[in-house]
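Okay, target_8.cif is below, mmCIF, N, CA and C atoms:
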data_coords
loop_
_atom_site.label_atom_id
_atom_site.label_comp_id
_atom_site.auth_asym_id
_atom_site.auth_seq_id
_atom_site.Cartn_x
_atom_site.Cartn_y
_atom_site.Cartn_z
N MET K 1 73.29 86.01 47.82
CA MET K 1 72.90 87.39 48.14
C MET K 1 73.67 87.87 49.38
N THR K 2 74.25 89.02 49.28
CA THR K 2 74.98 89.60 50.40
C THR K 2 74.00 90.12 51.44
N GLU K 3 74.32 89.84 52.71
CA GLU K 3 73.57 90.41 53.82
C GLU K 3 74.55 91.13 54.73
N VAL K 4 74.06 92.17 55.38
CA VAL K 4 74.88 92.91 56.33
C VAL K 4 74.19 92.90 57.68
N ARG K 5 74.99 93.09 58.71
CA ARG K 5 74.46 93.25 60.06
C ARG K 5 74.87 94.63 60.54
N ALA K 6 73.91 95.36 61.06
CA ALA K 6 74.20 96.73 61.47
C ALA K 6 73.50 97.06 62.78
N SER K 7 74.09 98.00 63.47
CA SER K 7 73.47 98.63 64.62
C SER K 7 73.29 100.10 64.27
N HIS K 8 72.30 100.74 64.87
CA HIS K 8 72.12 102.16 64.58
C HIS K 8 71.61 102.91 65.79
N ILE K 9 71.79 104.21 65.72
CA ILE K 9 71.25 105.14 66.70
C ILE K 9 70.37 106.10 65.91
N LEU K 10 69.11 106.21 66.30
CA LEU K 10 68.16 107.09 65.62
C LEU K 10 67.85 108.29 66.52
N VAL K 11 68.08 109.49 65.97
CA VAL K 11 67.78 110.73 66.70
C VAL K 11 66.97 111.66 65.80
N LYS K 12 66.43 112.72 66.39
CA LYS K 12 65.52 113.61 65.65
C LYS K 12 66.24 114.60 64.75
N THR K 13 67.39 115.13 65.18
CA THR K 13 68.00 116.23 64.45
C THR K 13 69.39 115.90 63.90
N GLU K 14 69.74 116.58 62.84
CA GLU K 14 71.07 116.42 62.26
C GLU K 14 72.14 116.84 63.27
N GLN K 15 71.90 117.91 64.01
CA GLN K 15 72.89 118.38 64.97
C GLN K 15 73.14 117.35 66.06
N GLU K 16 72.07 116.73 66.55
CA GLU K 16 72.23 115.70 67.57
C GLU K 16 73.04 114.53 67.02
N ALA K 17 72.78 114.16 65.76
CA ALA K 17 73.54 113.07 65.13
C ALA K 17 75.01 113.45 64.97
N LYS K 18 75.26 114.69 64.55
CA LYS K 18 76.66 115.15 64.38
C LYS K 18 77.39 115.16 65.71
N ASP K 19 76.72 115.62 66.76
CA ASP K 19 77.36 115.66 68.09
C ASP K 19 77.69 114.25 68.57
N LEU K 20 76.77 113.33 68.38
CA LEU K 20 77.02 111.94 68.77
C LEU K 20 78.16 111.34 67.95
N TYR K 21 78.17 111.63 66.65
CA TYR K 21 79.25 111.13 65.78
C TYR K 21 80.61 111.60 66.29
N ASP K 22 80.68 112.89 66.63
CA ASP K 22 81.95 113.44 67.13
C ASP K 22 82.38 112.75 68.42
N GLU K 23 81.44 112.49 69.31
CA GLU K 23 81.76 111.81 70.57
C GLU K 23 82.21 110.38 70.32
N LEU K 24 81.55 109.69 69.38
CA LEU K 24 81.94 108.32 69.03
C LEU K 24 83.35 108.29 68.43
N MET K 25 83.63 109.21 67.52
CA MET K 25 84.94 109.24 66.85
C MET K 25 86.06 109.59 67.83
N ALA K 26 85.73 110.37 68.85
CA ALA K 26 86.73 110.76 69.85
C ALA K 26 86.90 109.68 70.92
N GLY K 27 86.09 108.62 70.84
CA GLY K 27 86.18 107.55 71.82
C GLY K 27 85.58 107.89 73.17
N LYS K 28 84.76 108.93 73.21
CA LYS K 28 84.17 109.37 74.48
C LYS K 28 83.00 108.49 74.91
N ILE K 29 82.33 107.86 73.93
CA ILE K 29 81.19 107.00 74.23
C ILE K 29 81.25 105.72 73.40
N ASP K 30 80.64 104.68 73.91
CA ASP K 30 80.54 103.40 73.23
C ASP K 30 79.26 103.39 72.39
N PHE K 31 79.32 102.80 71.19
CA PHE K 31 78.18 102.83 70.28
C PHE K 31 76.94 102.20 70.92
N ALA K 32 77.08 101.00 71.47
CA ALA K 32 75.92 100.31 72.06
C ALA K 32 75.35 101.08 73.24
N ASP K 33 76.23 101.62 74.08
CA ASP K 33 75.75 102.41 75.22
C ASP K 33 75.00 103.65 74.75
N ALA K 34 75.53 104.32 73.72
CA ALA K 34 74.87 105.51 73.18
C ALA K 34 73.51 105.14 72.59
N ALA K 35 73.44 103.99 71.91
CA ALA K 35 72.16 103.55 71.35
C ALA K 35 71.14 103.31 72.46
N MET K 36 71.56 102.65 73.53
CA MET K 36 70.63 102.37 74.63
C MET K 36 70.13 103.66 75.28
N GLU K 37 71.02 104.65 75.34
CA GLU K 37 70.68 105.90 76.03
C GLU K 37 69.94 106.89 75.14
N LYS K 38 70.29 106.96 73.85
CA LYS K 38 69.83 108.05 72.99
C LYS K 38 68.87 107.67 71.88
N SER K 39 68.90 106.41 71.42
CA SER K 39 68.16 106.05 70.21
C SER K 39 66.65 106.08 70.43
N LEU K 40 65.95 106.61 69.44
CA LEU K 40 64.49 106.65 69.45
C LEU K 40 63.88 105.35 68.93
N CYS K 41 64.70 104.48 68.38
CA CYS K 41 64.23 103.21 67.82
C CYS K 41 64.17 102.15 68.92
N PRO K 42 63.17 101.27 68.89
CA PRO K 42 63.12 100.19 69.89
C PRO K 42 64.37 99.32 69.92
N SER K 43 65.12 99.28 68.80
CA SER K 43 66.37 98.49 68.77
C SER K 43 67.41 99.05 69.74
N GLY K 44 67.22 100.28 70.19
CA GLY K 44 68.16 100.88 71.14
C GLY K 44 68.33 100.03 72.38
N ARG K 45 67.26 99.36 72.80
CA ARG K 45 67.34 98.51 73.99
C ARG K 45 68.33 97.37 73.81
N ALA K 46 68.58 96.99 72.55
CA ALA K 46 69.54 95.93 72.23
C ALA K 46 70.86 96.53 71.74
N GLY K 47 71.15 97.76 72.15
CA GLY K 47 72.38 98.42 71.72
C GLY K 47 72.32 98.85 70.27
N GLY K 48 71.11 98.93 69.71
CA GLY K 48 70.93 99.37 68.33
C GLY K 48 70.99 98.26 67.30
N ASP K 49 71.20 97.01 67.74
CA ASP K 49 71.38 95.90 66.80
C ASP K 49 70.12 95.62 66.00
N LEU K 50 70.27 95.60 64.67
CA LEU K 50 69.16 95.30 63.76
C LEU K 50 69.25 93.90 63.17
N GLY K 51 70.30 93.17 63.51
CA GLY K 51 70.50 91.84 62.95
C GLY K 51 70.93 91.92 61.49
N TYR K 52 70.87 90.75 60.82
CA TYR K 52 71.25 90.68 59.40
C TYR K 52 70.07 91.03 58.51
N PHE K 53 70.36 91.69 57.40
CA PHE K 53 69.32 92.01 56.42
C PHE K 53 69.96 92.14 55.04
N GLY K 54 69.13 91.89 54.02
CA GLY K 54 69.58 92.00 52.65
C GLY K 54 69.07 93.28 52.00
N ARG K 55 69.42 93.44 50.73
CA ARG K 55 68.94 94.61 49.99
C ARG K 55 67.42 94.56 49.86
N GLY K 56 66.81 95.75 49.94
CA GLY K 56 65.37 95.83 49.80
C GLY K 56 64.61 95.72 51.11
N MET K 57 65.32 95.52 52.22
CA MET K 57 64.66 95.34 53.51
C MET K 57 64.64 96.60 54.36
N MET K 58 65.46 97.57 54.00
CA MET K 58 65.54 98.83 54.74
C MET K 58 65.30 99.99 53.76
N VAL K 59 65.00 101.17 54.30
CA VAL K 59 64.82 102.32 53.42
C VAL K 59 66.13 102.61 52.68
N LYS K 60 66.02 103.12 51.46
CA LYS K 60 67.17 103.22 50.57
C LYS K 60 68.37 103.98 51.13
N PRO K 61 68.23 105.17 51.70
CA PRO K 61 69.44 105.86 52.19
C PRO K 61 70.17 105.05 53.27
N PHE K 62 69.40 104.39 54.12
CA PHE K 62 69.99 103.57 55.19
C PHE K 62 70.69 102.36 54.58
N GLU K 63 70.01 101.69 53.68
CA GLU K 63 70.57 100.52 53.01
C GLU K 63 71.83 100.88 52.23
N ASP K 64 71.79 101.97 51.47
CA ASP K 64 72.96 102.37 50.69
C ASP K 64 74.17 102.60 51.57
N ALA K 65 73.95 103.23 52.72
CA ALA K 65 75.05 103.46 53.65
C ALA K 65 75.61 102.13 54.15
N CYS K 66 74.73 101.24 54.57
CA CYS K 66 75.17 99.96 55.13
C CYS K 66 76.00 99.15 54.13
N PHE K 67 75.53 99.08 52.88
CA PHE K 67 76.20 98.25 51.89
C PHE K 67 77.48 98.89 51.35
N SER K 68 77.75 100.14 51.70
CA SER K 68 78.99 100.79 51.25
C SER K 68 80.05 100.80 52.35
N MET K 69 79.71 100.26 53.51
CA MET K 69 80.61 100.31 54.66
C MET K 69 81.40 99.01 54.82
N GLU K 70 82.49 99.11 55.58
CA GLU K 70 83.26 97.94 55.98
C GLU K 70 82.93 97.62 57.44
N ILE K 71 83.11 96.37 57.83
CA ILE K 71 82.82 95.97 59.20
C ILE K 71 83.62 96.84 60.18
N GLY K 72 82.90 97.37 61.17
CA GLY K 72 83.53 98.23 62.17
C GLY K 72 83.35 99.71 61.90
N ASP K 73 83.03 100.06 60.65
CA ASP K 73 82.84 101.47 60.30
C ASP K 73 81.62 102.05 61.01
N ILE K 74 81.70 103.35 61.29
CA ILE K 74 80.56 104.12 61.77
C ILE K 74 80.29 105.21 60.74
N SER K 75 79.05 105.29 60.31
CA SER K 75 78.69 106.24 59.24
C SER K 75 78.61 107.67 59.76
N GLN K 76 78.76 108.59 58.83
CA GLN K 76 78.34 109.97 59.05
C GLN K 76 76.82 109.93 59.23
N PRO K 77 76.19 110.99 59.74
CA PRO K 77 74.72 110.99 59.87
C PRO K 77 74.02 110.74 58.53
N VAL K 78 73.02 109.86 58.56
CA VAL K 78 72.24 109.49 57.38
C VAL K 78 70.78 109.86 57.66
N GLU K 79 70.18 110.64 56.74
CA GLU K 79 68.79 111.07 56.93
C GLU K 79 67.83 110.12 56.22
N THR K 80 66.76 109.73 56.93
CA THR K 80 65.65 108.99 56.33
C THR K 80 64.36 109.67 56.80
N GLN K 81 63.23 109.12 56.38
CA GLN K 81 61.96 109.69 56.83
C GLN K 81 61.73 109.48 58.33
N PHE K 82 62.55 108.63 58.96
CA PHE K 82 62.39 108.36 60.39
C PHE K 82 63.20 109.32 61.27
N GLY K 83 64.18 109.98 60.66
CA GLY K 83 65.05 110.88 61.41
C GLY K 83 66.48 110.73 60.92
N TRP K 84 67.41 110.92 61.83
CA TRP K 84 68.85 110.87 61.51
C TRP K 84 69.47 109.65 62.19
N HIS K 85 70.24 108.90 61.42
CA HIS K 85 70.84 107.66 61.90
C HIS K 85 72.36 107.77 61.92
N LEU K 86 72.96 107.16 62.92
CA LEU K 86 74.37 106.79 62.88
C LEU K 86 74.37 105.28 62.80
N ILE K 87 75.15 104.73 61.90
CA ILE K 87 75.13 103.30 61.64
C ILE K 87 76.52 102.72 61.88
N GLN K 88 76.55 101.58 62.56
CA GLN K 88 77.80 100.84 62.72
C GLN K 88 77.61 99.48 62.05
N LEU K 89 78.47 99.19 61.08
CA LEU K 89 78.39 97.89 60.41
C LEU K 89 79.09 96.85 61.28
N THR K 90 78.38 95.77 61.63
CA THR K 90 78.93 94.77 62.54
C THR K 90 79.13 93.41 61.87
N GLY K 91 78.64 93.25 60.65
CA GLY K 91 78.83 91.97 59.96
C GLY K 91 78.47 92.06 58.50
N LYS K 92 79.02 91.11 57.72
CA LYS K 92 78.71 91.04 56.28
C LYS K 92 78.89 89.58 55.85
N GLU K 93 77.88 89.06 55.17
CA GLU K 93 77.94 87.68 54.67
C GLU K 93 77.49 87.62 53.23
N ASP K 94 78.19 86.79 52.44
CA ASP K 94 77.80 86.59 51.03
C ASP K 94 76.96 85.34 50.90
#
In structure tokens, write the structure found in this file.
Amino acid sequence: MTEVRASHILVKTEQEAKDLYDELMAGKIDFADAAMEKSLCPSGRAGGDLGYFGRGMMVKPFEDACFSMEIGDISQPVETQFGWHLIQLTGKED
């Protein structure tokens, strides 16, 4: 079974997620630093790191994004019932 490792930043609004995405893509901020500063999820204290997880362990839109990414990728904003996420894939194991 494939597992992925991801970090994420959780914010309330799509606009906030888009603004953060633009800053990340421009190299203005570091993903882990942004997670510590901005994320509403308790994982923010660990730079957004969620560790390894397999299919069925996360909500579907989040999981679908993670399993479609390559290591190092940062996702466009992803909406779930928790808010808006930016996801960075940090590992993948088969």
ask   = For the point (66.1, 106.5, 68.3) in file coordinates, what residues are within 10 Å, counting only C-alpha atoms? Give the answer as a list of chain:residue names?
value = K:His8, K:Ile9, K:Leu10, K:Val11, K:Lys12, K:Ala35, K:Met36, K:Glu37, K:Lys38, K:Ser39, K:Leu40, K:Cys41, K:Pro42, K:Ser43, K:Gly44, K:Arg45, K:Gly48, K:Phe82, K:Gly83, K:Trp84, K:His85, K:Leu86
request  = Give as a PyMOL selection string the residues that the PyMOL selection byres (((chain K and resi 70 and name CA) around 10) and name CA) matches when applied to the coordinates above.
outcome  = chain K and resi 4+66-69+71-74+88-92
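Nearest residue to Arg5 in chain K among K:Asp33, K:Glu93, K:Asp19, K:Glu79 is K:Glu93, counting all atoms listed in the file.
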task = Using DSSP on the backbone coordinates, identify the residues of range 55-93 of chain K assigned to strand (DSSP E or B); present them as number ranges by chain.
result = K: 74, 78-80, 83-93
ask   = Residues of chain K in alpha helix (DSSP H) according to DSSP, as a ChimeraX atom specification?
value = /K:14-25,31-38,60-67
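In this model, the gap between CA of Ser75 in chain K and CA of Ile87 in chain K comes to 5.2 Å.
Computed from the coordinates, the CA of Asp64 in chain K to CA of Asp94 in chain K distance equals 16.5 Å.
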ask   = For the file shown, what are the residues hit by the PyMOL selection byres (((chain K and resi 58 and name CA) around 12) and name CA), laid out as a list in words?
value = Glu3, Val4, Arg5, Ala6, Leu50, Gly51, Tyr52, Phe53, Gly54, Arg55, Gly56, Met57, Val59, Lys60, Pro61, Phe62, Glu63, Asp64, Ala65, Cys66, Phe67, Thr80, Gln81 and Phe82 of chain K
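Distance-wise, CA of Ile29 in chain K and atom N of Glu16 in chain K end up 15.4 Å apart.
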Repair of range 69-81 of chain K at the level of N, CA, C and O atoms, as a JSON list (two decimals), in the coordinates of the input:
[["chain", "number", "residue", "atom", "x", "y", "z"],
["K", 69, "MET", "N", 79.71, 100.26, 53.51],
["K", 69, "MET", "CA", 80.61, 100.31, 54.66],
["K", 69, "MET", "C", 81.40, 99.01, 54.82],
["K", 69, "MET", "O", 81.02, 97.98, 54.30],
["K", 70, "GLU", "N", 82.49, 99.11, 55.58],
["K", 70, "GLU", "CA", 83.26, 97.94, 55.98],
["K", 70, "GLU", "C", 82.93, 97.62, 57.44],
["K", 70, "GLU", "O", 82.54, 98.52, 58.20],
["K", 71, "ILE", "N", 83.11, 96.37, 57.83],
["K", 71, "ILE", "CA", 82.82, 95.97, 59.20],
["K", 71, "ILE", "C", 83.62, 96.84, 60.18],
["K", 71, "ILE", "O", 84.82, 97.05, 60.00],
["K", 72, "GLY", "N", 82.90, 97.37, 61.17],
["K", 72, "GLY", "CA", 83.53, 98.23, 62.17],
["K", 72, "GLY", "C", 83.35, 99.71, 61.90],
["K", 72, "GLY", "O", 83.53, 100.53, 62.80],
["K", 73, "ASP", "N", 83.03, 100.06, 60.65],
["K", 73, "ASP", "CA", 82.84, 101.47, 60.30],
["K", 73, "ASP", "C", 81.62, 102.05, 61.01],
["K", 73, "ASP", "O", 80.64, 101.36, 61.25],
["K", 74, "ILE", "N", 81.70, 103.35, 61.29],
["K", 74, "ILE", "CA", 80.56, 104.12, 61.77],
["K", 74, "ILE", "C", 80.29, 105.21, 60.74],
["K", 74, "ILE", "O", 81.20, 105.94, 60.35],
["K", 75, "SER", "N", 79.05, 105.29, 60.31],
["K", 75, "SER", "CA", 78.69, 106.24, 59.24],
["K", 75, "SER", "C", 78.61, 107.67, 59.76],
["K", 75, "SER", "O", 78.39, 107.92, 60.94],
["K", 76, "GLN", "N", 78.76, 108.59, 58.83],
["K", 76, "GLN", "CA", 78.34, 109.97, 59.05],
["K", 76, "GLN", "C", 76.82, 109.93, 59.23],
["K", 76, "GLN", "O", 76.18, 108.93, 58.87],
["K", 77, "PRO", "N", 76.19, 110.99, 59.74],
["K", 77, "PRO", "CA", 74.72, 110.99, 59.87],
["K", 77, "PRO", "C", 74.02, 110.74, 58.53],
["K", 77, "PRO", "O", 74.42, 111.28, 57.50],
["K", 78, "VAL", "N", 73.02, 109.86, 58.56],
["K", 78, "VAL", "CA", 72.24, 109.49, 57.38],
["K", 78, "VAL", "C", 70.78, 109.86, 57.66],
["K", 78, "VAL", "O", 70.21, 109.45, 58.66],
["K", 79, "GLU", "N", 70.18, 110.64, 56.74],
["K", 79, "GLU", "CA", 68.79, 111.07, 56.93],
["K", 79, "GLU", "C", 67.83, 110.12, 56.22],
["K", 79, "GLU", "O", 68.04, 109.76, 55.07],
["K", 80, "THR", "N", 66.76, 109.73, 56.93],
["K", 80, "THR", "CA", 65.65, 108.99, 56.33],
["K", 80, "THR", "C", 64.36, 109.67, 56.80],
["K", 80, "THR", "O", 64.40, 110.60, 57.60],
["K", 81, "GLN", "N", 63.23, 109.12, 56.38],
["K", 81, "GLN", "CA", 61.96, 109.69, 56.83],
["K", 81, "GLN", "C", 61.73, 109.48, 58.33],
["K", 81, "GLN", "O", 60.86, 110.11, 58.92]]
